[in-house]
$ cat run.csv   # CSV, C-alpha atoms
chain,number,residue,atom,x,y,z
A,1,MET,CA,97.0,85.6,101.8
A,2,ILE,CA,97.3,87.1,98.3
A,3,ARG,CA,95.0,85.6,95.7
A,4,PRO,CA,96.7,84.5,92.5
A,5,LEU,CA,95.0,87.2,90.4
A,6,ALA,CA,96.1,89.9,92.9
A,7,LEU,CA,99.6,88.5,92.7
A,8,ILE,CA,99.6,88.7,88.9
A,9,SER,CA,98.3,92.3,89.1
A,10,LEU,CA,100.9,93.2,91.7
A,11,LEU,CA,103.7,91.8,89.6
A,12,GLY,CA,102.4,93.8,86.6
A,13,THR,CA,102.5,97.0,88.7
A,14,LEU,CA,106.0,96.3,89.9
A,15,ASN,CA,107.1,95.6,86.4
A,16,LEU,CA,105.6,98.9,85.2
A,17,MET,CA,107.3,100.8,88.0
A,18,ALA,CA,110.6,99.0,87.4
A,19,VAL,CA,110.8,100.4,83.8
A,20,GLN,CA,109.8,103.9,84.8
A,21,PRO,CA,112.1,106.6,86.1
A,22,PRO,CA,112.2,106.6,89.9
A,23,THR,CA,110.8,110.1,89.7
A,24,ASP,CA,107.4,108.8,88.4
A,25,ALA,CA,106.9,106.8,91.6
A,26,LYS,CA,107.9,109.9,93.6
A,27,ILE,CA,105.5,112.0,91.6
A,28,LEU,CA,102.7,109.5,92.1
A,29,THR,CA,103.3,109.4,95.9
A,30,ALA,CA,103.4,113.2,96.0
A,31,ILE,CA,100.1,113.5,94.1
A,32,GLY,CA,98.5,111.1,96.5
A,33,LEU,CA,99.8,113.0,99.5
A,34,VAL,CA,98.7,116.4,98.2
A,35,GLU,CA,95.3,115.1,97.0
A,36,THR,CA,94.2,113.1,100.0
A,37,GLY,CA,97.1,112.4,102.3
A,38,MET,CA,97.1,108.9,100.6
A,39,LYS,CA,93.6,108.1,101.8
A,40,ARG,CA,92.7,105.2,99.6
A,41,THR,CA,88.9,105.5,100.2
A,42,ALA,CA,88.6,109.2,99.6
A,43,ARG,CA,85.9,110.6,97.4
A,44,GLY,CA,85.9,114.2,96.2
A,45,ASP,CA,84.5,116.5,93.6
A,46,ALA,CA,80.9,115.8,94.4
A,47,GLY,CA,81.5,112.1,94.0
A,48,HIS,CA,83.3,112.3,90.7
A,49,SER,CA,86.9,111.6,91.8
A,50,PHE,CA,88.1,108.6,93.8
A,51,GLY,CA,90.9,107.1,95.8
A,52,ALA,CA,94.2,108.4,97.0
A,53,TYR,CA,94.9,110.1,93.6
A,54,GLN,CA,91.4,111.4,93.1
A,55,MET,CA,91.0,110.0,89.6
A,56,SER,CA,87.8,110.5,87.7
A,57,GLN,CA,86.4,107.6,85.6
A,58,ASP,CA,87.8,109.3,82.4
A,59,SER,CA,91.3,109.5,84.0
A,60,TRP,CA,90.9,105.8,85.1
A,61,ALA,CA,90.1,104.9,81.5
A,62,THR,CA,93.1,106.8,80.2
A,63,GLY,CA,95.4,105.1,82.7
A,64,ASN,CA,94.0,101.7,81.7
A,65,ARG,CA,94.6,102.4,78.0
A,66,ARG,CA,98.3,103.1,78.8
A,67,LEU,CA,98.5,99.9,80.9
A,68,SER,CA,97.0,97.9,78.1
A,69,ALA,CA,99.5,99.4,75.6
A,70,GLU,CA,102.3,98.1,77.9
A,71,GLY,CA,100.7,94.7,77.9
A,72,LEU,CA,100.0,95.0,81.6
A,73,PRO,CA,96.8,94.1,83.5
A,74,THR,CA,94.0,96.6,83.5
A,75,TYR,CA,91.4,97.2,86.2
A,76,PRO,CA,87.7,98.0,85.8
A,77,PHE,CA,86.7,101.1,87.6
A,78,ARG,CA,84.6,99.1,90.1
A,79,GLN,CA,88.0,98.1,91.6
A,80,TRP,CA,88.9,101.7,92.5
A,81,ARG,CA,89.2,100.8,96.2
A,82,SER,CA,92.1,98.4,95.5
A,83,GLU,CA,95.5,99.8,96.3
A,84,ILE,CA,97.0,97.8,93.6
A,85,ALA,CA,94.5,99.0,91.0
A,86,GLN,CA,94.9,102.6,92.2
A,87,ASP,CA,98.7,102.5,92.0
A,88,ALA,CA,98.8,100.8,88.6
A,89,VAL,CA,96.2,102.9,86.9
A,90,ALA,CA,97.6,106.1,88.3
A,91,MET,CA,101.1,105.1,87.0
A,92,GLY,CA,99.5,104.4,83.6
A,93,LEU,CA,98.0,107.9,83.7
A,94,ILE,CA,101.3,109.5,84.5
A,95,LEU,CA,102.8,107.7,81.5
A,96,ALA,CA,99.9,108.9,79.3
A,97,ILE,CA,100.5,112.5,80.5
A,98,ARG,CA,104.2,112.2,79.7
A,99,ASP,CA,103.3,110.9,76.2
A,100,ARG,CA,100.9,113.8,75.5
A,101,LEU,CA,103.4,116.3,76.8
A,102,LYS,CA,106.0,115.0,74.4
A,103,THR,CA,103.6,115.5,71.5
A,104,GLU,CA,103.4,119.2,72.7
A,105,GLY,CA,107.2,119.5,72.7
A,106,VAL,CA,107.6,119.1,76.5
A,107,VAL,CA,110.1,116.3,76.2
A,108,THR,CA,111.3,116.2,79.8
A,109,PRO,CA,108.4,117.5,81.9
A,110,THR,CA,109.0,118.6,85.4
A,111,PRO,CA,107.0,117.1,88.3
A,112,GLU,CA,105.2,120.4,88.5
A,113,GLN,CA,104.1,120.2,84.9
A,114,ILE,CA,102.8,116.6,85.3
A,115,ALA,CA,101.0,117.7,88.5
A,116,LEU,CA,99.5,120.7,86.7
A,117,VAL,CA,98.0,118.4,84.0
A,118,TRP,CA,96.8,116.0,86.7
A,119,ASN,CA,95.1,118.8,88.6
A,120,MET,CA,93.8,121.0,85.8
A,121,GLY,CA,93.2,118.5,83.1
A,122,TRP,CA,94.7,118.5,79.7
A,123,SER,CA,92.8,121.4,78.3
A,124,GLY,CA,93.3,123.6,81.3
A,125,ALA,CA,97.1,122.9,81.6
A,126,LYS,CA,97.5,123.4,77.8
A,127,ARG,CA,95.6,126.8,78.0
A,128,VAL,CA,98.4,128.1,80.4
A,129,GLY,CA,101.1,126.6,78.2
A,130,PHE,CA,101.9,123.9,80.9
A,131,ARG,CA,103.5,126.8,82.8
A,132,VAL,CA,103.0,126.8,86.6
A,133,ASP,CA,103.6,130.5,86.8
A,134,ALA,CA,100.7,131.1,84.4
A,135,ALA,CA,98.3,128.8,86.2
A,136,PRO,CA,95.7,130.1,88.6
A,137,PRO,CA,97.2,130.5,92.1
A,138,VAL,CA,95.5,127.5,93.7
A,139,ARG,CA,96.6,125.3,90.8
A,140,ALA,CA,100.1,126.6,90.9
A,141,ASP,CA,100.2,126.0,94.6
A,142,TYR,CA,99.1,122.4,94.0
A,143,ALA,CA,101.8,121.8,91.4
A,144,ASN,CA,104.5,123.4,93.5
A,145,ARG,CA,103.6,121.3,96.5
A,146,VAL,CA,103.9,118.2,94.4
A,147,GLY,CA,107.3,119.3,93.0
A,148,ASN,CA,108.5,120.1,96.5
A,149,LEU,CA,107.5,116.7,97.8
A,150,VAL,CA,109.3,115.0,94.9
A,151,ARG,CA,112.5,116.9,95.5
A,152,ASP,CA,112.3,116.2,99.3
A,153,ALA,CA,111.7,112.5,98.8
A,154,LYS,CA,114.7,110.4,99.5
$ encode --input "run.csv" --output "structure tokens"
Amino acid sequence: MIRPLALISLLGTLNLMAVQPPTDAKILTAIGLVETGMKRTARGDAGHSFGAYQMSQDSWATGNRRLSAEGLPTYPFRQWRSEIAQDAVAMGLILAIRDRLKTEGVVTPTPEQIALVWNMGWSGAKRVGFRVDAAPPVRADYANRVGNLVRDAK
């Protein structure tokens, strides 16, 4: 049985995904697959990244700020194990990444560019001009795997 609060949160997540391009949901799924194989309880980076999407507490906060700006429910970091919270906050983070890329003149970022920011952080991705071919090989491989999964998704 779904608790009323969980239902409200789920509806907020569905509303957010409904107004976003289908590609964002595909990017999010691809990131989860590349990061952890969608293992919701994963912990990485010496205990500093969490969940299927391996979000840090700073990334979580950024995703929540974007959710709040959309008038959607936010989730305290202590809820990182919740699938609903992970999906909603990660989608908020994708939107925040898109917003920041637009301010840098990247109006229609590719899945690879979004993945590069996700994996390298803002400063690292900016340092290589948001170009996959200029990224370190392991980072470029990550971005390309995300892009391939997005294109292969039906």
$ closest_residue --input "run.csv" --among "A:Thr74, A:Arg40, A:Arg139, A:Asp24" --to "Ile97 (chain A)" --atoms "all atoms listed in the file"
A:Asp24
$ atom_distance --input "run.csv" --atom1 "CA of Asp87 (chain A)" --atom2 "CA of Ala135 (chain A)"
26.9 Å
$ atom_distance --input "run.csv" --atom1 "CA of Lys26 (chain A)" --atom2 "CA of Leu149 (chain A)"
8.0 Å
$ atom_distance --input "run.csv" --atom1 "CA of Leu95 (chain A)" --atom2 "CA of Leu67 (chain A)"
8.9 Å
$ closest_residue --input "run.csv" --among "A:Ser56, A:Asn144, A:Leu72, A:Phe130" --to "Gly44 (chain A)" --atoms "all atoms listed in the file"
A:Ser56
$ closest_residue --input "run.csv" --among "A:Arg145, A:Ala42, A:Glu112, A:Leu101" --to "Lys126 (chain A)" --atoms "all atoms listed in the file"
A:Leu101
$ closest_residue --input "run.csv" --among "A:Val146, A:Ile114, A:Ala52, A:Val34" --to "Asp99 (chain A)" --atoms "only C-alpha atoms"
A:Ile114
$ residues_around --input "run.csv" --residues "Arg65 (chain A)" --least-positions-apart "5" --cutoff "12 Å" --atoms "all atoms listed in the file" --output "list of chain:residue names"
A:Asp58, A:Ser59, A:Trp60, A:Glu70, A:Gly71, A:Leu72, A:Pro73, A:Thr74, A:Tyr75, A:Pro76, A:Ala88, A:Val89, A:Ala90, A:Met91, A:Gly92, A:Leu93, A:Ile94, A:Leu95, A:Ala96, A:Ile97
$ residues_around --input "run.csv" --residues "Asp133 (chain A)" --least-positions-apart "6" --cutoff "12 Å" --atoms "all atoms listed in the file" --output "MDAnalysis selection string"
chainID A and resid 112:113 116 125 139:144
$ residues_around --input "run.csv" --residues "region 78-81 of chain A" --least-positions-apart "3" --cutoff "8 Å" --atoms "all atoms listed in the file" --output "ChimeraX atom specification"
/A:40-41,50-51,75,85-86
$ build_atoms --input "run.csv" --residues "region 108-138 of chain A" --atoms "N, CA and C atoms" --output "mmCIF file, keeping the file's coordinate frame"
data_model
loop_
_atom_site.group_PDB
_atom_site.id
_atom_site.type_symbol
_atom_site.label_atom_id
_atom_site.label_comp_id
_atom_site.auth_asym_id
_atom_site.auth_seq_id
_atom_site.Cartn_x
_atom_site.Cartn_y
_atom_site.Cartn_z
ATOM 1 N N THR A 108 110.955 116.634 78.457
ATOM 2 C CA THR A 108 111.300 116.200 79.800
ATOM 3 C C THR A 108 110.488 117.085 80.809
ATOM 4 N N PRO A 109 109.223 116.716 81.001
ATOM 5 C CA PRO A 109 108.400 117.500 81.900
ATOM 6 C C PRO A 109 108.850 117.468 83.329
ATOM 7 N N THR A 110 108.633 118.538 84.017
ATOM 8 C CA THR A 110 109.000 118.600 85.400
ATOM 9 C C THR A 110 107.827 117.936 86.224
ATOM 10 N N PRO A 111 108.095 117.562 87.457
ATOM 11 C CA PRO A 111 107.000 117.100 88.300
ATOM 12 C C PRO A 111 105.862 118.072 88.394
ATOM 13 N N GLU A 112 106.197 119.361 88.423
ATOM 14 C CA GLU A 112 105.200 120.400 88.500
ATOM 15 C C GLU A 112 104.281 120.384 87.256
ATOM 16 N N GLN A 113 104.864 120.194 86.082
ATOM 17 C CA GLN A 113 104.100 120.200 84.900
ATOM 18 C C GLN A 113 103.130 118.952 84.839
ATOM 19 N N ILE A 114 103.635 117.809 85.271
ATOM 20 C CA ILE A 114 102.800 116.600 85.300
ATOM 21 C C ILE A 114 101.656 116.845 86.331
ATOM 22 N N ALA A 115 101.978 117.427 87.478
ATOM 23 C CA ALA A 115 101.000 117.700 88.500
ATOM 24 C C ALA A 115 99.942 118.720 87.987
ATOM 25 N N LEU A 116 100.388 119.681 87.206
ATOM 26 C CA LEU A 116 99.500 120.700 86.700
ATOM 27 C C LEU A 116 98.445 120.006 85.738
ATOM 28 N N VAL A 117 98.906 119.108 84.871
ATOM 29 C CA VAL A 117 98.000 118.400 84.000
ATOM 30 C C VAL A 117 97.054 117.514 84.847
ATOM 31 N N TRP A 118 97.603 116.841 85.845
ATOM 32 C CA TRP A 118 96.800 116.000 86.700
ATOM 33 C C TRP A 118 95.668 116.796 87.372
ATOM 34 N N ASN A 119 95.999 117.986 87.847
ATOM 35 C CA ASN A 119 95.100 118.800 88.600
ATOM 36 C C ASN A 119 94.121 119.633 87.752
ATOM 37 N N MET A 120 94.619 120.156 86.639
ATOM 38 C CA MET A 120 93.800 121.000 85.800
ATOM 39 C C MET A 120 93.163 120.331 84.627
ATOM 40 N N GLY A 121 93.611 119.121 84.357
ATOM 41 C CA GLY A 121 93.200 118.500 83.100
ATOM 42 C C GLY A 121 94.014 118.911 81.971
ATOM 43 N N TRP A 122 93.910 118.164 80.880
ATOM 44 C CA TRP A 122 94.700 118.500 79.700
ATOM 45 C C TRP A 122 94.451 119.861 79.163
ATOM 46 N N SER A 123 93.192 120.160 78.918
ATOM 47 C CA SER A 123 92.800 121.400 78.300
ATOM 48 C C SER A 123 93.235 122.629 79.163
ATOM 49 N N GLY A 124 92.993 122.518 80.454
ATOM 50 C CA GLY A 124 93.300 123.600 81.300
ATOM 51 C C GLY A 124 94.838 123.865 81.407
ATOM 52 N N ALA A 125 95.604 122.796 81.495
ATOM 53 C CA ALA A 125 97.100 122.900 81.600
ATOM 54 C C ALA A 125 97.618 123.446 80.231
ATOM 55 N N LYS A 126 97.047 122.980 79.143
ATOM 56 C CA LYS A 126 97.500 123.400 77.800
ATOM 57 C C LYS A 126 97.200 124.931 77.648
ATOM 58 N N ARG A 127 96.046 125.358 78.154
ATOM 59 C CA ARG A 127 95.600 126.800 78.000
ATOM 60 C C ARG A 127 96.671 127.702 78.678
ATOM 61 N N VAL A 128 97.360 127.237 79.723
ATOM 62 C CA VAL A 128 98.400 128.100 80.400
ATOM 63 C C VAL A 128 99.792 127.695 79.878
ATOM 64 N N GLY A 129 99.849 126.939 78.782
ATOM 65 C CA GLY A 129 101.100 126.600 78.200
ATOM 66 C C GLY A 129 101.948 125.627 79.074
ATOM 67 N N PHE A 130 101.253 124.864 79.931
ATOM 68 C CA PHE A 130 101.900 123.900 80.900
ATOM 69 C C PHE A 130 102.886 124.654 81.784
ATOM 70 N N ARG A 131 102.644 125.953 81.999
ATOM 71 C CA ARG A 131 103.500 126.800 82.800
ATOM 72 C C ARG A 131 102.843 127.013 84.189
ATOM 73 N N VAL A 132 103.533 126.613 85.231
ATOM 74 C CA VAL A 132 103.000 126.800 86.600
ATOM 75 C C VAL A 132 102.807 128.254 86.901
ATOM 76 N N ASP A 133 103.732 129.093 86.470
ATOM 77 C CA ASP A 133 103.600 130.500 86.800
ATOM 78 C C ASP A 133 102.461 131.209 86.081
ATOM 79 N N ALA A 134 101.875 130.553 85.082
ATOM 80 C CA ALA A 134 100.700 131.100 84.400
ATOM 81 C C ALA A 134 99.403 130.510 84.847
ATOM 82 N N ALA A 135 99.485 129.536 85.718
ATOM 83 C CA ALA A 135 98.300 128.800 86.200
ATOM 84 C C ALA A 135 97.613 129.679 87.306
ATOM 85 N N PRO A 136 96.322 129.468 87.519
ATOM 86 C CA PRO A 136 95.700 130.100 88.600
ATOM 87 C C PRO A 136 96.384 129.778 89.948
ATOM 88 N N PRO A 137 96.420 130.694 90.896
ATOM 89 C CA PRO A 137 97.200 130.500 92.100
ATOM 90 C C PRO A 137 96.967 129.157 92.831
ATOM 91 N N VAL A 138 95.721 128.736 92.964
ATOM 92 C CA VAL A 138 95.500 127.500 93.700
ATOM 93 C C VAL A 138 96.029 126.286 92.906
#
